[in-house]
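K.L.:
Take this structure, written in structure tokens, and hold onto it; I'll ask about it next.
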Amino acid sequence: MRPEGLEPPAYWFEASRSIRLSYGRVFDSSYHQNKMSASGPNLEIEVKIPWTTGTDAARRAIENAGYAQSDARILESDTVFDLDSGALRAGDQLIRLRRTGDRAIVTYKGPARPGPYKSREEIEFDISNAAAFTQVLDRLGYQPRFRYEKYRTKFTAPGEPGVISIDETPIGVYLELEGEPDWIDRTAVRMGLSRDAYLNRSYSKLYQEYLLTHPGAPRDMTFAGVTS
């Protein structure tokens with residue numbers, strides 16, 4: 001039952017898109033972006049690989065493997081929301097608002113599946129009013145808990161089902177390979193990369209590991225805050 005005098009915002013989402021937040025779960029009833037997986041359209045499968053020799057070398061390695069830049073380098077600014085209880089984090093779930101260029105994108109991620117790849121349910125959709133979305137989350141008890149930034153450049157190849165990204169983050173450069181596991185493995189081999197280098201952790205978890213050796217670093221992983 002809605003509390004007396006509290007009317008739902010008229011701009012909740014476009015009529016064709018809906019979202020329900022309850023008991024720490026997010027469900028999208030009408031719209032999602034297809035993910036590259038035979039196991040289901042909402043399944044994200046990816047790995048991150050640390051890259052220590054700079055973005056120019058990363059670009060050369062990707063292009064030598066037959067890929068070309070498909071999206072311009074762009075800043076992605078992400079905010080992760082949770083309840084005061086930390087229910088989403090405790091349940092290995094996530095609600096994220098991403099601002100990139102003139103777009104605002106909402107993402108729900110479900111619990112990760114065990115294995116060498118980062119594999120989990122992912123539902124994404126664009127919204128037209130990021131401030132309104134944040135206000136709705138506030139009314140439901142969800143507050144910003146972690147902010148992180150990266151510059152991302154995407155690469156694809158004709159006939160190839162996956163995407164390679166160069167992610168320049170405040171804590172280093174990473175390659176992200178997103179696609180089916182066999183495509184990830186084949187692409188890694190073409191680039192001379194070992195499966196031993198695969199990381200299946202989120203940037204939030206990678207930053208928590210970073211904080212263990214950089215105790216003076218700020219809470220958020222932003223370019224303005226992280227200096228080393």
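Chain identifiers are assigned as A, B, and so on, following the order in which chains appear in the structure tokens; residues are numbered from 1 within each chain, and ligands are numbered from 1 in order of appearance.
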When DSSP is applied to the backbone of this structure, which of region 124-195 of chain A are assigned alpha helix (DSSP H)? Write them out as a ChimeraX atom specification.

P.N.:
/A:130-139,181-190

K.L.:
Could those residues be written to a file, using N, CA and C atoms, as a PDB file, in the first residue's frame?

P.N.:
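Resulting contents of part-v5.pdb:
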ATOM      1  N   ALA A 130      17.844  10.445 -15.765  1.00  0.00           N
ATOM      2  CA  ALA A 130      18.654   9.798 -14.733  1.00  0.00           C
ATOM      3  C   ALA A 130      18.360  10.366 -13.347  1.00  0.00           C
ATOM      4  N   ALA A 131      18.108  11.658 -13.258  1.00  0.00           N
ATOM      5  CA  ALA A 131      17.814  12.272 -11.964  1.00  0.00           C
ATOM      6  C   ALA A 131      16.519  11.709 -11.378  1.00  0.00           C
ATOM      7  N   ALA A 132      15.514  11.509 -12.234  1.00  0.00           N
ATOM      8  CA  ALA A 132      14.254  10.948 -11.758  1.00  0.00           C
ATOM      9  C   ALA A 132      14.439   9.506 -11.278  1.00  0.00           C
ATOM     10  N   PHE A 133      15.233   8.746 -12.021  1.00  0.00           N
ATOM     11  CA  PHE A 133      15.492   7.363 -11.610  1.00  0.00           C
ATOM     12  C   PHE A 133      16.172   7.322 -10.243  1.00  0.00           C
ATOM     13  N   THR A 134      17.170   8.175 -10.054  1.00  0.00           N
ATOM     14  CA  THR A 134      17.861   8.237  -8.766  1.00  0.00           C
ATOM     15  C   THR A 134      16.905   8.621  -7.648  1.00  0.00           C
ATOM     16  N   GLN A 135      15.982   9.528  -7.928  1.00  0.00           N
ATOM     17  CA  GLN A 135      15.003   9.948  -6.935  1.00  0.00           C
ATOM     18  C   GLN A 135      14.072   8.799  -6.555  1.00  0.00           C
ATOM     19  N   VAL A 136      13.664   8.015  -7.543  1.00  0.00           N
ATOM     20  CA  VAL A 136      12.813   6.854  -7.264  1.00  0.00           C
ATOM     21  C   VAL A 136      13.556   5.850  -6.382  1.00  0.00           C
ATOM     22  N   LEU A 137      14.821   5.583  -6.723  1.00  0.00           N
ATOM     23  CA  LEU A 137      15.601   4.669  -5.893  1.00  0.00           C
ATOM     24  C   LEU A 137      15.702   5.174  -4.457  1.00  0.00           C
ATOM     25  N   ASP A 138      15.901   6.473  -4.297  1.00  0.00           N
ATOM     26  CA  ASP A 138      15.974   7.071  -2.968  1.00  0.00           C
ATOM     27  C   ASP A 138      14.690   6.807  -2.189  1.00  0.00           C
ATOM     28  N   ARG A 139      13.536   6.967  -2.845  1.00  0.00           N
ATOM     29  CA  ARG A 139      12.268   6.734  -2.170  1.00  0.00           C
ATOM     30  C   ARG A 139      12.114   5.282  -1.727  1.00  0.00           C
ATOM     31  N   PRO A 181      32.160 -18.624 -24.110  1.00  0.00           N
ATOM     32  CA  PRO A 181      33.457 -19.081 -23.590  1.00  0.00           C
ATOM     33  C   PRO A 181      34.429 -19.551 -24.671  1.00  0.00           C
ATOM     34  N   ASP A 182      33.934 -20.289 -25.681  1.00  0.00           N
ATOM     35  CA  ASP A 182      34.872 -20.767 -26.701  1.00  0.00           C
ATOM     36  C   ASP A 182      35.425 -19.614 -27.530  1.00  0.00           C
ATOM     37  N   TRP A 183      34.595 -18.571 -27.764  1.00  0.00           N
ATOM     38  CA  TRP A 183      35.102 -17.394 -28.468  1.00  0.00           C
ATOM     39  C   TRP A 183      36.136 -16.669 -27.623  1.00  0.00           C
ATOM     40  N   ILE A 184      35.880 -16.519 -26.343  1.00  0.00           N
ATOM     41  CA  ILE A 184      36.843 -15.867 -25.451  1.00  0.00           C
ATOM     42  C   ILE A 184      38.180 -16.587 -25.494  1.00  0.00           C
ATOM     43  N   ASP A 185      38.147 -17.921 -25.401  1.00  0.00           N
ATOM     44  CA  ASP A 185      39.390 -18.694 -25.389  1.00  0.00           C
ATOM     45  C   ASP A 185      40.129 -18.586 -26.723  1.00  0.00           C
ATOM     46  N   ARG A 186      39.402 -18.676 -27.839  1.00  0.00           N
ATOM     47  CA  ARG A 186      40.049 -18.573 -29.153  1.00  0.00           C
ATOM     48  C   ARG A 186      40.686 -17.198 -29.341  1.00  0.00           C
ATOM     49  N   THR A 187      39.968 -16.167 -28.920  1.00  0.00           N
ATOM     50  CA  THR A 187      40.471 -14.810 -29.094  1.00  0.00           C
ATOM     51  C   THR A 187      41.696 -14.571 -28.221  1.00  0.00           C
ATOM     52  N   ALA A 188      41.654 -15.081 -27.000  1.00  0.00           N
ATOM     53  CA  ALA A 188      42.808 -14.941 -26.111  1.00  0.00           C
ATOM     54  C   ALA A 188      44.042 -15.608 -26.710  1.00  0.00           C
ATOM     55  N   VAL A 189      43.852 -16.781 -27.297  1.00  0.00           N
ATOM     56  CA  VAL A 189      44.981 -17.486 -27.922  1.00  0.00           C
ATOM     57  C   VAL A 189      45.539 -16.666 -29.076  1.00  0.00           C
ATOM     58  N   ARG A 190      44.661 -16.104 -29.910  1.00  0.00           N
ATOM     59  CA  ARG A 190      45.124 -15.290 -31.042  1.00  0.00           C
ATOM     60  C   ARG A 190      45.919 -14.085 -30.573  1.00  0.00           C
TER      61      ARG A 190
END

K.L.:
If DSSP is run on the backbone, what residues of region 19-204 of chain A are strand (DSSP E or B)? A reply as a PyMOL selection string would be ideal.

P.N.:
chain A and resi 19-22+25-28+43-51+68-82+94-100+103-109+113+118-127+143-156+163-169+172-178+199

K.L.:
Please provide the set of residues having any atom within 10 Å of region 78-92 of chain A, restricted to only C-alpha atoms, with same-chain residues fewer than 3 positions apart removed, written as an MDAnalysis selection string.

P.N.:
chainID A and resid 23:25 75 95:100 104:107 109:112 120 134 137:138 140:150 204 220:222

K.L.:
Hey, which of A:Asn42, A:Ser77, A:Asn200, A:Thr153 ends up closest to Val173 (chain A)? Count only C-alpha atoms.

P.N.:
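Smallest separation from Val173 (chain A) among the options: A:Thr153.
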
K.L.:
Go ahead and compute the interatomic distance for CA of Ile171 (chain A) and CA of Ser119 (chain A), in Å to one decimal.

P.N.:
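These two atoms are separated by 23.0 Å.
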
K.L.:
Give the answer as one residue: which of A:Lys48, A:Arg73, A:His214, A:Arg195 has the shortest atom-to-atom distance to Lys118 (chain A), using only C-alpha atoms?

P.N.:
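Closest to Lys118 (chain A) of all the choices is A:Lys48.
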
K.L.:
For Leu43 (chain A), which of A:Ile123, A:Val226, A:Leu206, A:Ile166 is the closest residue, counting only C-alpha atoms?

P.N.:
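For Leu43 (chain A), the nearest of the candidates is A:Ile123.
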
K.L.:
Do a neighbour search on Gly192 (chain A) at 12 Å with only C-alpha atoms, toss out local chain neighbours closer than 6 positions, and write the hits as number ranges by chain.

P.N.:
A: 49, 58, 61-62, 64-65, 185-186

K.L.:
Since we have the selection now, will you write its residues out, keeping N, CA and C atoms, as a short mmCIF file (atom, residue, chain, number, x, y, z; two decimals), in the first residue's frame?

P.N.:
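Result file follows (part-v7.cif):
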data_model
loop_
_atom_site.label_atom_id
_atom_site.label_comp_id
_atom_site.auth_asym_id
_atom_site.auth_seq_id
_atom_site.Cartn_x
_atom_site.Cartn_y
_atom_site.Cartn_z
N ILE A 49 41.31 -9.02 -18.35
CA ILE A 49 42.71 -9.41 -18.37
C ILE A 49 43.55 -8.16 -18.12
N ALA A 58 48.06 -2.37 -26.36
CA ALA A 58 46.81 -3.13 -26.34
C ALA A 58 46.08 -3.01 -27.67
N ALA A 61 47.81 -5.15 -30.31
CA ALA A 61 47.55 -6.58 -30.13
C ALA A 61 46.14 -6.94 -30.62
N ILE A 62 45.19 -6.08 -30.35
CA ILE A 62 43.81 -6.34 -30.78
C ILE A 62 43.70 -6.26 -32.31
N ASN A 64 46.09 -6.66 -34.48
CA ASN A 64 46.84 -7.78 -35.07
C ASN A 64 46.05 -9.06 -35.04
N ALA A 65 45.09 -9.15 -34.12
CA ALA A 65 44.23 -10.33 -34.04
C ALA A 65 43.04 -10.23 -34.99
N ASP A 185 38.15 -17.92 -25.40
CA ASP A 185 39.39 -18.69 -25.39
C ASP A 185 40.13 -18.59 -26.72
N ARG A 186 39.40 -18.68 -27.84
CA ARG A 186 40.05 -18.57 -29.15
C ARG A 186 40.69 -17.20 -29.34
#

K.L.:
List as a PyMOL selection string the protein and nucleic acid residues near Lys154 (chain A), meaning an atom at most 7 Å away when only C-alpha atoms are counted, but skip any in the same chain fewer than 4 places from it.

P.N.:
chain A and resi 69-71+163-166

K.L.:
Could you save the residues just selected, with N, CA and C atoms, as a PDB file, in the first residue's frame?

P.N.:
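Contents of the output file result.pdb:
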ATOM      1  N   GLN A  69      38.479  -0.950 -34.389  1.00  0.00           N
ATOM      2  CA  GLN A  69      37.693  -0.150 -33.452  1.00  0.00           C
ATOM      3  C   GLN A  69      36.284   0.042 -33.986  1.00  0.00           C
ATOM      4  N   SER A  70      35.282  -0.238 -33.146  1.00  0.00           N
ATOM      5  CA  SER A  70      33.884  -0.106 -33.542  1.00  0.00           C
ATOM      6  C   SER A  70      33.166   1.007 -32.798  1.00  0.00           C
ATOM      7  N   ASP A  71      33.688   1.408 -31.650  1.00  0.00           N
ATOM      8  CA  ASP A  71      33.101   2.491 -30.869  1.00  0.00           C
ATOM      9  C   ASP A  71      34.221   3.421 -30.409  1.00  0.00           C
ATOM     10  N   VAL A 163      32.991  -9.089 -28.372  1.00  0.00           N
ATOM     11  CA  VAL A 163      33.496  -7.717 -28.328  1.00  0.00           C
ATOM     12  C   VAL A 163      34.724  -7.658 -27.430  1.00  0.00           C
ATOM     13  N   ILE A 164      35.769  -6.986 -27.891  1.00  0.00           N
ATOM     14  CA  ILE A 164      36.946  -6.717 -27.076  1.00  0.00           C
ATOM     15  C   ILE A 164      36.925  -5.248 -26.694  1.00  0.00           C
ATOM     16  N   SER A 165      37.159  -4.954 -25.432  1.00  0.00           N
ATOM     17  CA  SER A 165      37.215  -3.565 -24.979  1.00  0.00           C
ATOM     18  C   SER A 165      38.548  -3.295 -24.307  1.00  0.00           C
ATOM     19  N   ILE A 166      39.081  -2.107 -24.544  1.00  0.00           N
ATOM     20  CA  ILE A 166      40.184  -1.588 -23.737  1.00  0.00           C
ATOM     21  C   ILE A 166      39.568  -0.699 -22.674  1.00  0.00           C
TER      22      ILE A 166
END

K.L.:
Just to confirm, what's the straight-line distance from CA of Gly54 (chain A) to CA of Ala68 (chain A) in Å (one decimal)?

P.N.:
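Taking CA of Gly54 (chain A) as the start and CA of Ala68 (chain A) as the end point, the length is 17.7 Å.
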